[in-house]
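Heads up, the thing below is written out as structure tokens.
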Amino acid sequence: MNTSSTLALKNETKTVNFKKYLLRGCIAGLFLLPLVWMDLQTYLTLMVAGLSLGMLIFLIASGLTLIFGLMDVLNLAHAAFFAFGAYAGYSILNLLNPLGWVETGSFLQSIISLGLALLVAALVGGILGFITEKLVIKKVYGDHLMQILVTVGVSFVIVEILKIIWGVNDEVVPMPMGFSGSSIVFGVFIEHFRVVAIVIGLMVYAGLQLILKKTKIGIIVRAGVENQEIVQATGYNISLIFTLIFAAGAALAAVGGTMMGIFNQAVDPYMGDQFLIFALIVVIIGGMGSVTGSFVGAIIVGLAFNYFAYLAPKLALGVNFMIMAIILLIRPKGLFGKD
Amino acid sequence: MSDPILSLKNVHTHIEQHHILQGVSFDINPGGATILLGRNGAGKSTTLKTVMGLLPASNGSILFKGRGINKKKPYEIARMGMGFVPEDKAILATLTVEENFRLSMLNENEKSHENLEEVLDLFPALKKFWKTQAGLLSGGQKQMLAIARVLVCDHSLLLIDEPSKGLAPIVVEQLGESLIKIKDKTKVILVEQNFNLARQVGLDCFILDDGHVVYQGLMEELAKDKALMKNYLGI
Ligand SMILES: Nc1ncnc2c1ncn2[C@@H]1O[C@H](COP(=O)(O)OP(=O)(O)OP(=O)(O)O)[C@@H](O)[C@H]1O
Ligand SMILES: [Mg+2]
């Protein structure tokens with residue numbers, strides 16, 4: 001190819017990009033708007049709250065991005081993975097608490113106990129996902145209706161098992177001491193655990209990006225999603241790869257569940273249901289299969305929820321559907337979706 | 001003569017309820033390129049996909065390097081040393097050229113990087129588009145990438161399905177030169193409708209018709225047999 005055709009190609013992508021960036025710019029600008037009705041400190045307090053909520057939603061949505069966005073499996077059991085993970089994490093904290101590692105103890109002990117809780121939750125979620133994929137999902141690839149039916153069934157079974165293990169009641173989750181409490185920094189009210197949520201959300205985002213974009217596994221996964229036949233004929237066991245992606249998605253849901261459980265200091269068997277809706281909205285706003293899209297989408301949803309909860313509480317729940325509708329009208333494939 | 005590298009005995013393939021391959025038998029000997037001919041819908045692509053394990057053979061046996069592969073998964077067959085360039089969607093459009101190559105390297109080691117250097121000498125144009133998304137390449141470049149990506153592995157047999165489809169004559173010519181170099185190193189089974197190209201590259205050939213092998217012989221002899229050509233290939 002000569003340089004002139006390369007140039008033409010570049011120009012074409014430029015116009016497409018321009019529209020994309022305009023929309024992104026507008027959205028970013030919109031988030032300055034609440035400043036009209038509130039002072040800077042309230043604005044920033046709500047921003048921290050919104051970002052942390054966004055990151056918690058991102059944790060659930062990131063798993064859904066892999067399962068729904070990349071593998072195109074409508075997985076309604078995601079909420080059950082989330083709840084099961086929350087209980088698994090809660091069990092670990094509950095176990096460590098009497099040893100003086102959670103609600104008392106040093107900052108380092110708080111970090112270790114949170115780390116252990118998240119690790120165990122991820123393992124438990126991963127195993128649940130692995131089994132679910134092998135037993136049922138494998139047979140319903142490409143069939144959305146069956147996926148809905150089957151995953152609702154799986155969800156029911158998981159929640160029943162959860163109730164057998166942990167009982168039907170809500171449980172109180174101990175908050176690691178190092179992350180409890182709050183500070184006021186330059187008049188901005190900051191709950192410490194919200195900062196932890198933001199940090200973990202960023203870590204998961206960076207980790208996922210790194211794995212998907214830079215590693216061989218990431219290449220195989222992206223290739224497998226585009227064209228299974230080629231990936232198989234190249235020499236990769238696509239069936240195993242899909243099982244692992246699904247398990248990873250379930251593990252992320254479980255991590256999200258544990259974080260949400262600690263954040264609310266409570267777990268209950270149906271805690272995942274309300275967040276599944278948020279997560280679905282986020283995946284759709286962001287664009288199917290885009291981790292960055294989910295990340296940005298989650299921030300949008302988290303921020304919008306908090307600003308509206310302050311300014312017009314009655315609108316707070318509905319606003320995210322509005323945002324989704326508007327974004328999809330302008331860009332049917334979502335903010336970061338591939339055209 | 002040495003043992004055949006690939007041997008099909010009475011292979012049947014069904015796609016849903018359709019009986020596509022109806023008892024295909026042939027032996028492919030190592031060395032050079034063997035051409036698979038036949039009109040549209042004769043079952044050429046189905047044959048390659050069945051050999052690769054992408055379509056299950058409902059009956060018959062397939063031996064690759066003397067080992068039965070009917071029941072093996074495509075990835076196992078690939079790892080035994082068979083490379084496949086399908087007719088459509090032969091590259092990963094959402095991946096960059098570089099990533100397409102990395103995907104092909106089952107083991108990224110010194111040897112595979114050496115192979116890559118050699119392959120890029122064969123298709124120098126690809127170097128310029130190293131970081132470009134493969135979906136943005138031109139038809140000819142895509143086809144080069146499709147072939148180049150399977151060459152980085154040390155395969156003992158390559159199945160290549162209609163690489164010249166939709167390419168300009170000049171590009172077909174370049175492709176022919178590349179294929180000639182490739183078949184000198186690795187055994188190739190080539191499905192090719194462009195008879196001139198097939199004749200340049202191939203030593204012997206099979207003609208498929210309606211899911212059966214109807215002719216087997218040397219390319220040069222087929223080229224002389226006008227009646228046969230007209231009957232089965234319509235040329
Ligand atoms: N998925 C499918 N469902 C039903 N029939 C199919 C399917 N795929 C192929 N066939 C049929 O199988 C027969 C052989 O197809 P195949 O693709 O092997 O032909 P071919 O020789 O490669 O043709 P071409 O030269 O057009 O590529 C054709 O009659 C085709 O219609
Ligand atoms: Mg074909």
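In the structure tokens, each chain is lettered A, B, ... as it comes, each chain's residues begin at 1, and ligands are numbered from 1 in order of appearance.
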Can you list every residue in range 216-284 of chain A that DSSP puts in alpha helix (DSSP H), as a ChimeraX atom specification? /A:216-226,228-234,238-264,272-284
Within 10 Å of chain A, which residues of chain B are there when counting only C-alpha atoms? Please give them as a PyMOL selection string. chain B and resi 49+52-54+73-86+89-96+99-100+102-106+108+125-126+128-129+136-138+140-141+149-150+153
Could you write those residues out with C-alpha atoms, as a PDB file, in the first residue's frame?
ATOM      1  CA  LYS B  49     -12.663 -28.472   7.316  1.00  0.00           C
ATOM      2  CA  MET B  52      -8.907 -30.052  10.218  1.00  0.00           C
ATOM      3  CA  GLY B  53     -11.516 -31.456  12.590  1.00  0.00           C
ATOM      4  CA  LEU B  54     -13.767 -28.402  12.328  1.00  0.00           C
ATOM      5  CA  LYS B  73     -10.248 -31.779  18.305  1.00  0.00           C
ATOM      6  CA  PRO B  74      -9.053 -29.121  15.849  1.00  0.00           C
ATOM      7  CA  TYR B  75      -6.554 -27.756  18.355  1.00  0.00           C
ATOM      8  CA  GLU B  76      -5.027 -31.203  18.818  1.00  0.00           C
ATOM      9  CA  ILE B  77      -4.746 -31.670  15.060  1.00  0.00           C
ATOM     10  CA  ALA B  78      -3.153 -28.225  14.734  1.00  0.00           C
ATOM     11  CA  ARG B  79      -0.615 -29.141  17.379  1.00  0.00           C
ATOM     12  CA  MET B  80       0.230 -32.304  15.447  1.00  0.00           C
ATOM     13  CA  GLY B  81       1.509 -30.009  12.704  1.00  0.00           C
ATOM     14  CA  MET B  82      -1.394 -29.106  10.466  1.00  0.00           C
ATOM     15  CA  GLY B  83      -1.984 -25.487   9.483  1.00  0.00           C
ATOM     16  CA  PHE B  84      -5.222 -24.162   8.015  1.00  0.00           C
ATOM     17  CA  VAL B  85      -5.998 -21.045   6.008  1.00  0.00           C
ATOM     18  CA  PRO B  86      -9.793 -20.939   5.594  1.00  0.00           C
ATOM     19  CA  LYS B  89     -12.397 -14.849   7.751  1.00  0.00           C
ATOM     20  CA  ALA B  90      -8.894 -16.210   7.648  1.00  0.00           C
ATOM     21  CA  ILE B  91      -7.441 -13.445   9.819  1.00  0.00           C
ATOM     22  CA  LEU B  92      -8.464 -11.834  13.080  1.00  0.00           C
ATOM     23  CA  ALA B  93      -9.791  -8.449  12.011  1.00  0.00           C
ATOM     24  CA  THR B  94      -9.939  -6.921  15.493  1.00  0.00           C
ATOM     25  CA  LEU B  95      -6.316  -7.800  16.233  1.00  0.00           C
ATOM     26  CA  THR B  96      -3.304  -5.939  14.908  1.00  0.00           C
ATOM     27  CA  GLU B  99      -1.124  -9.769  17.390  1.00  0.00           C
ATOM     28  CA  ASN B 100      -2.224 -12.016  14.538  1.00  0.00           C
ATOM     29  CA  ARG B 102       1.666 -13.669  18.137  1.00  0.00           C
ATOM     30  CA  LEU B 103      -1.519 -15.694  18.181  1.00  0.00           C
ATOM     31  CA  SER B 104      -0.045 -18.051  15.632  1.00  0.00           C
ATOM     32  CA  MET B 105       3.062 -18.691  17.678  1.00  0.00           C
ATOM     33  CA  LEU B 106       2.003 -21.545  19.894  1.00  0.00           C
ATOM     34  CA  GLU B 108       6.987 -17.886  21.491  1.00  0.00           C
ATOM     35  CA  ALA B 125       4.501  -5.457   2.892  1.00  0.00           C
ATOM     36  CA  LEU B 126       3.171  -6.736   6.205  1.00  0.00           C
ATOM     37  CA  LYS B 128       4.693  -1.684   7.267  1.00  0.00           C
ATOM     38  CA  PHE B 129       1.365  -2.488   8.895  1.00  0.00           C
ATOM     39  CA  LEU B 136      -8.201  -2.356   7.876  1.00  0.00           C
ATOM     40  CA  LEU B 137      -5.813  -4.086   5.454  1.00  0.00           C
ATOM     41  CA  SER B 138      -6.654  -4.417   1.768  1.00  0.00           C
ATOM     42  CA  GLY B 140      -4.565  -8.771  -0.868  1.00  0.00           C
ATOM     43  CA  GLN B 141      -2.768  -7.793   2.318  1.00  0.00           C
ATOM     44  CA  ARG B 149       0.405 -16.252  10.007  1.00  0.00           C
ATOM     45  CA  VAL B 150       0.284 -20.046   9.620  1.00  0.00           C
ATOM     46  CA  CYS B 153       4.738 -22.495  13.055  1.00  0.00           C
TER      47      CYS B 153
END
Exercise. Residues at most 10 Å from ligand 1, using only C-alpha atoms and all ligand atoms? Could they come as a VMD selection string?
Worked result: chain B and resid 13 to 21 36 to 50 55 87 to 88 161 to 162 165 191 to 193 207 to 211
Restrict the selected residues to C-alpha atoms and save them as a PDB file, in the first residue's frame.
ATOM      1  CA  THR B  13     -19.462 -35.534   6.262  1.00  0.00           C
ATOM      2  CA  HIS B  14     -22.928 -34.310   7.096  1.00  0.00           C
ATOM      3  CA  ILE B  15     -23.811 -30.684   7.683  1.00  0.00           C
ATOM      4  CA  GLU B  16     -27.049 -30.815   9.586  1.00  0.00           C
ATOM      5  CA  GLN B  17     -29.148 -33.266   7.526  1.00  0.00           C
ATOM      6  CA  HIS B  18     -27.231 -32.626   4.286  1.00  0.00           C
ATOM      7  CA  HIS B  19     -24.905 -35.384   3.155  1.00  0.00           C
ATOM      8  CA  ILE B  20     -22.017 -33.334   1.748  1.00  0.00           C
ATOM      9  CA  LEU B  21     -18.977 -35.601   1.489  1.00  0.00           C
ATOM     10  CA  LEU B  36      -7.891 -29.804  -4.822  1.00  0.00           C
ATOM     11  CA  LEU B  37     -10.143 -28.868  -7.738  1.00  0.00           C
ATOM     12  CA  GLY B  38     -13.849 -28.933  -8.394  1.00  0.00           C
ATOM     13  CA  ARG B  39     -16.656 -26.587  -9.246  1.00  0.00           C
ATOM     14  CA  ASN B  40     -18.470 -24.395  -6.717  1.00  0.00           C
ATOM     15  CA  GLY B  41     -20.228 -26.460  -4.117  1.00  0.00           C
ATOM     16  CA  ALA B  42     -18.287 -29.619  -4.952  1.00  0.00           C
ATOM     17  CA  GLY B  43     -17.179 -30.036  -1.348  1.00  0.00           C
ATOM     18  CA  LYS B  44     -13.598 -28.706  -1.401  1.00  0.00           C
ATOM     19  CA  SER B  45     -13.916 -26.469   1.641  1.00  0.00           C
ATOM     20  CA  THR B  46     -15.909 -29.144   3.435  1.00  0.00           C
ATOM     21  CA  THR B  47     -13.080 -31.595   2.805  1.00  0.00           C
ATOM     22  CA  LEU B  48     -10.480 -29.256   4.311  1.00  0.00           C
ATOM     23  CA  LYS B  49     -12.663 -28.472   7.316  1.00  0.00           C
ATOM     24  CA  THR B  50     -13.296 -32.154   7.905  1.00  0.00           C
ATOM     25  CA  LEU B  55     -16.539 -30.557  10.857  1.00  0.00           C
ATOM     26  CA  GLU B  87     -11.608 -19.493   2.624  1.00  0.00           C
ATOM     27  CA  ASP B  88     -13.338 -16.734   4.613  1.00  0.00           C
ATOM     28  CA  ASP B 161      -8.476 -22.651   0.759  1.00  0.00           C
ATOM     29  CA  GLU B 162      -8.768 -20.389  -2.316  1.00  0.00           C
ATOM     30  CA  LYS B 165     -10.249 -15.243  -4.389  1.00  0.00           C
ATOM     31  CA  VAL B 191      -7.862 -25.384  -3.152  1.00  0.00           C
ATOM     32  CA  GLU B 192      -7.564 -23.097  -6.149  1.00  0.00           C
ATOM     33  CA  GLN B 193     -10.030 -22.102  -8.876  1.00  0.00           C
ATOM     34  CA  ILE B 207     -10.981 -33.306  -8.595  1.00  0.00           C
ATOM     35  CA  LEU B 208     -13.995 -33.421  -6.334  1.00  0.00           C
ATOM     36  CA  ASP B 209     -17.506 -33.501  -7.672  1.00  0.00           C
ATOM     37  CA  ASP B 210     -20.662 -33.815  -5.645  1.00  0.00           C
ATOM     38  CA  GLY B 211     -18.802 -35.089  -2.627  1.00  0.00           C
TER      39      GLY B 211
END
**Q.** Ser183 in chain A environment, 12 Å, only C-alpha atoms, sequence neighbours closer than 5 positions dropped, as a PyMOL selection string
**A.** chain A and resi 45+188-195
Practice prompt. State, in Å with one decimal place, the distance from CA of Ile158 in chain A to CA of Asp143 in chain A.
Written response: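 Atom-to-atom, CA of Ile158 in chain A to CA of Asp143 in chain A, that is 21.9 Å.
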**Item:** Selection: 9 Å around Gly217 in chain B, only C-alpha atoms, excl. self and same-chain fewer than 6 positions, as a PyMOL selection string
**Value:** chain B and resi 203-206
Same residues, all heavy atoms, saved as a PDB file, in the first residue's frame:
ATOM      1  N   LEU B 203       1.827 -29.947  -8.259  1.00  0.00           N
ATOM      2  CA  LEU B 203       2.391 -31.058  -8.995  1.00  0.00           C
ATOM      3  C   LEU B 203       1.270 -32.003  -9.402  1.00  0.00           C
ATOM      4  O   LEU B 203       1.075 -32.317 -10.572  1.00  0.00           O
ATOM      5  CB  LEU B 203       3.409 -31.788  -8.101  1.00  0.00           C
ATOM      6  CG  LEU B 203       4.063 -33.017  -8.698  1.00  0.00           C
ATOM      7  CD1 LEU B 203       4.965 -32.606  -9.856  1.00  0.00           C
ATOM      8  CD2 LEU B 203       4.854 -33.763  -7.627  1.00  0.00           C
ATOM      9  N   ASP B 204       0.509 -32.431  -8.415  1.00  0.00           N
ATOM     10  CA  ASP B 204      -0.598 -33.334  -8.717  1.00  0.00           C
ATOM     11  C   ASP B 204      -1.909 -32.746  -8.226  1.00  0.00           C
ATOM     12  O   ASP B 204      -1.909 -31.682  -7.590  1.00  0.00           O
ATOM     13  CB  ASP B 204      -0.358 -34.708  -8.082  1.00  0.00           C
ATOM     14  CG  ASP B 204      -0.190 -34.607  -6.581  1.00  0.00           C
ATOM     15  OD1 ASP B 204       0.172 -33.513  -6.092  1.00  0.00           O
ATOM     16  OD2 ASP B 204      -0.426 -35.605  -5.887  1.00  0.00           O
ATOM     17  N   CYS B 205      -3.016 -33.423  -8.520  1.00  0.00           N
ATOM     18  CA  CYS B 205      -4.305 -32.841  -8.154  1.00  0.00           C
ATOM     19  C   CYS B 205      -5.373 -33.906  -7.958  1.00  0.00           C
ATOM     20  O   CYS B 205      -5.211 -35.065  -8.368  1.00  0.00           O
ATOM     21  CB  CYS B 205      -4.758 -31.859  -9.215  1.00  0.00           C
ATOM     22  SG  CYS B 205      -5.197 -32.669 -10.760  1.00  0.00           S
ATOM     23  N   PHE B 206      -6.425 -33.491  -7.292  1.00  0.00           N
ATOM     24  CA  PHE B 206      -7.642 -34.290  -7.171  1.00  0.00           C
ATOM     25  C   PHE B 206      -8.795 -33.432  -7.639  1.00  0.00           C
ATOM     26  O   PHE B 206      -8.808 -32.225  -7.392  1.00  0.00           O
ATOM     27  CB  PHE B 206      -7.892 -34.690  -5.723  1.00  0.00           C
ATOM     28  CG  PHE B 206      -6.884 -35.661  -5.198  1.00  0.00           C
ATOM     29  CD1 PHE B 206      -5.687 -35.211  -4.659  1.00  0.00           C
ATOM     30  CD2 PHE B 206      -7.119 -37.016  -5.277  1.00  0.00           C
ATOM     31  CE1 PHE B 206      -4.748 -36.092  -4.195  1.00  0.00           C
ATOM     32  CE2 PHE B 206      -6.194 -37.912  -4.811  1.00  0.00           C
ATOM     33  CZ  PHE B 206      -4.997 -37.465  -4.270  1.00  0.00           C
TER      34      PHE B 206
END
Margin query: So, with only C-alpha atoms as the atoms that count, which of A:Gly125, A:Gly297, A:Gly54, A:Gly142 lies closest to Gly249 in chain A?
Written below: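 Looking only at the distances to Gly249 in chain A, the closest residue turns out to be A:Gly125.
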- Write out as number ranges by chain which residues come within 7 Å of Thr65 in chain A when counting only C-alpha atoms, dropping same-chain ones fewer than 3 positions away. A: 61-62, 68-70, 283, 288-291
Kindly export the residues of the current selection with N, CA, C and O atoms, as a PDB file, in the first residue's frame.
ATOM      1  N   ALA A  61     -19.705  -4.886  37.047  1.00  0.00           N
ATOM      2  CA  ALA A  61     -19.869  -4.736  35.601  1.00  0.00           C
ATOM      3  C   ALA A  61     -18.695  -5.327  34.839  1.00  0.00           C
ATOM      4  O   ALA A  61     -18.865  -5.847  33.734  1.00  0.00           O
ATOM      5  N   SER A  62     -17.489  -5.289  35.440  1.00  0.00           N
ATOM      6  CA  SER A  62     -16.325  -5.806  34.719  1.00  0.00           C
ATOM      7  C   SER A  62     -16.490  -7.300  34.450  1.00  0.00           C
ATOM      8  O   SER A  62     -16.169  -7.782  33.368  1.00  0.00           O
ATOM      9  N   PHE A  68     -20.992 -11.147  29.349  1.00  0.00           N
ATOM     10  CA  PHE A  68     -22.048 -10.670  28.458  1.00  0.00           C
ATOM     11  C   PHE A  68     -21.440  -9.912  27.283  1.00  0.00           C
ATOM     12  O   PHE A  68     -21.746 -10.171  26.120  1.00  0.00           O
ATOM     13  N   GLY A  69     -20.533  -8.991  27.583  1.00  0.00           N
ATOM     14  CA  GLY A  69     -19.963  -8.148  26.541  1.00  0.00           C
ATOM     15  C   GLY A  69     -19.077  -8.911  25.578  1.00  0.00           C
ATOM     16  O   GLY A  69     -19.174  -8.749  24.367  1.00  0.00           O
ATOM     17  N   LEU A  70     -18.169  -9.750  26.105  1.00  0.00           N
ATOM     18  CA  LEU A  70     -17.240 -10.451  25.224  1.00  0.00           C
ATOM     19  C   LEU A  70     -17.799 -11.770  24.720  1.00  0.00           C
ATOM     20  O   LEU A  70     -17.750 -12.081  23.542  1.00  0.00           O
ATOM     21  N   VAL A 283     -22.646  -1.828  31.245  1.00  0.00           N
ATOM     22  CA  VAL A 283     -22.052  -2.555  30.116  1.00  0.00           C
ATOM     23  C   VAL A 283     -22.618  -2.024  28.793  1.00  0.00           C
ATOM     24  O   VAL A 283     -21.888  -1.862  27.814  1.00  0.00           O
ATOM     25  N   MET A 288     -20.553  -2.950  24.395  1.00  0.00           N
ATOM     26  CA  MET A 288     -20.351  -4.374  24.684  1.00  0.00           C
ATOM     27  C   MET A 288     -18.895  -4.786  24.530  1.00  0.00           C
ATOM     28  O   MET A 288     -18.275  -4.535  23.508  1.00  0.00           O
ATOM     29  N   GLY A 289     -18.378  -5.432  25.564  1.00  0.00           N
ATOM     30  CA  GLY A 289     -17.058  -6.020  25.431  1.00  0.00           C
ATOM     31  C   GLY A 289     -15.904  -5.077  25.701  1.00  0.00           C
ATOM     32  O   GLY A 289     -14.762  -5.482  25.680  1.00  0.00           O
ATOM     33  N   SER A 290     -16.202  -3.789  25.970  1.00  0.00           N
ATOM     34  CA  SER A 290     -15.113  -2.861  26.228  1.00  0.00           C
ATOM     35  C   SER A 290     -14.943  -2.656  27.732  1.00  0.00           C
ATOM     36  O   SER A 290     -15.844  -2.175  28.412  1.00  0.00           O
ATOM     37  N   VAL A 291     -13.764  -3.031  28.236  1.00  0.00           N
ATOM     38  CA  VAL A 291     -13.502  -2.867  29.666  1.00  0.00           C
ATOM     39  C   VAL A 291     -13.440  -1.385  30.013  1.00  0.00           C
ATOM     40  O   VAL A 291     -14.001  -0.935  31.014  1.00  0.00           O
TER      41      VAL A 291
END
query = Could you pull the residues within 9 Å of Met259 in chain A, counting only C-alpha atoms, minus those fewer than 2 positions along the same chain, as a PyMOL selection string?
reply = chain A and resi 56+59+86+89+114+118+197+254-257+261-264
Would you compute the distance between CA of Asn97 in chain A and CA of Leu162 in chain A? Give it in Å to one decimal.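 We find that CA of Asn97 in chain A and CA of Leu162 in chain A lie 21.4 Å from each other.
For the choices B:Ala57, B:Ile160, B:Val188, B:Leu151, the atom-to-atom distance to ligand 2 is smallest for B:Ile160 when using only C-alpha atoms and all ligand atoms.
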Practice prompt. Write out as an MDAnalysis selection string each polymer residue whose atoms come within 10 Å of Leu63 in chain B, counting only C-alpha atoms; drop sequence neighbours fewer than 3 positions from it.
Written response: chainID B and resid 4:9 27 51 66:70
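The interatomic distance for the pair CA of Leu40 in chain A and CA of Ser182 in chain A works out to 18.8 Å.
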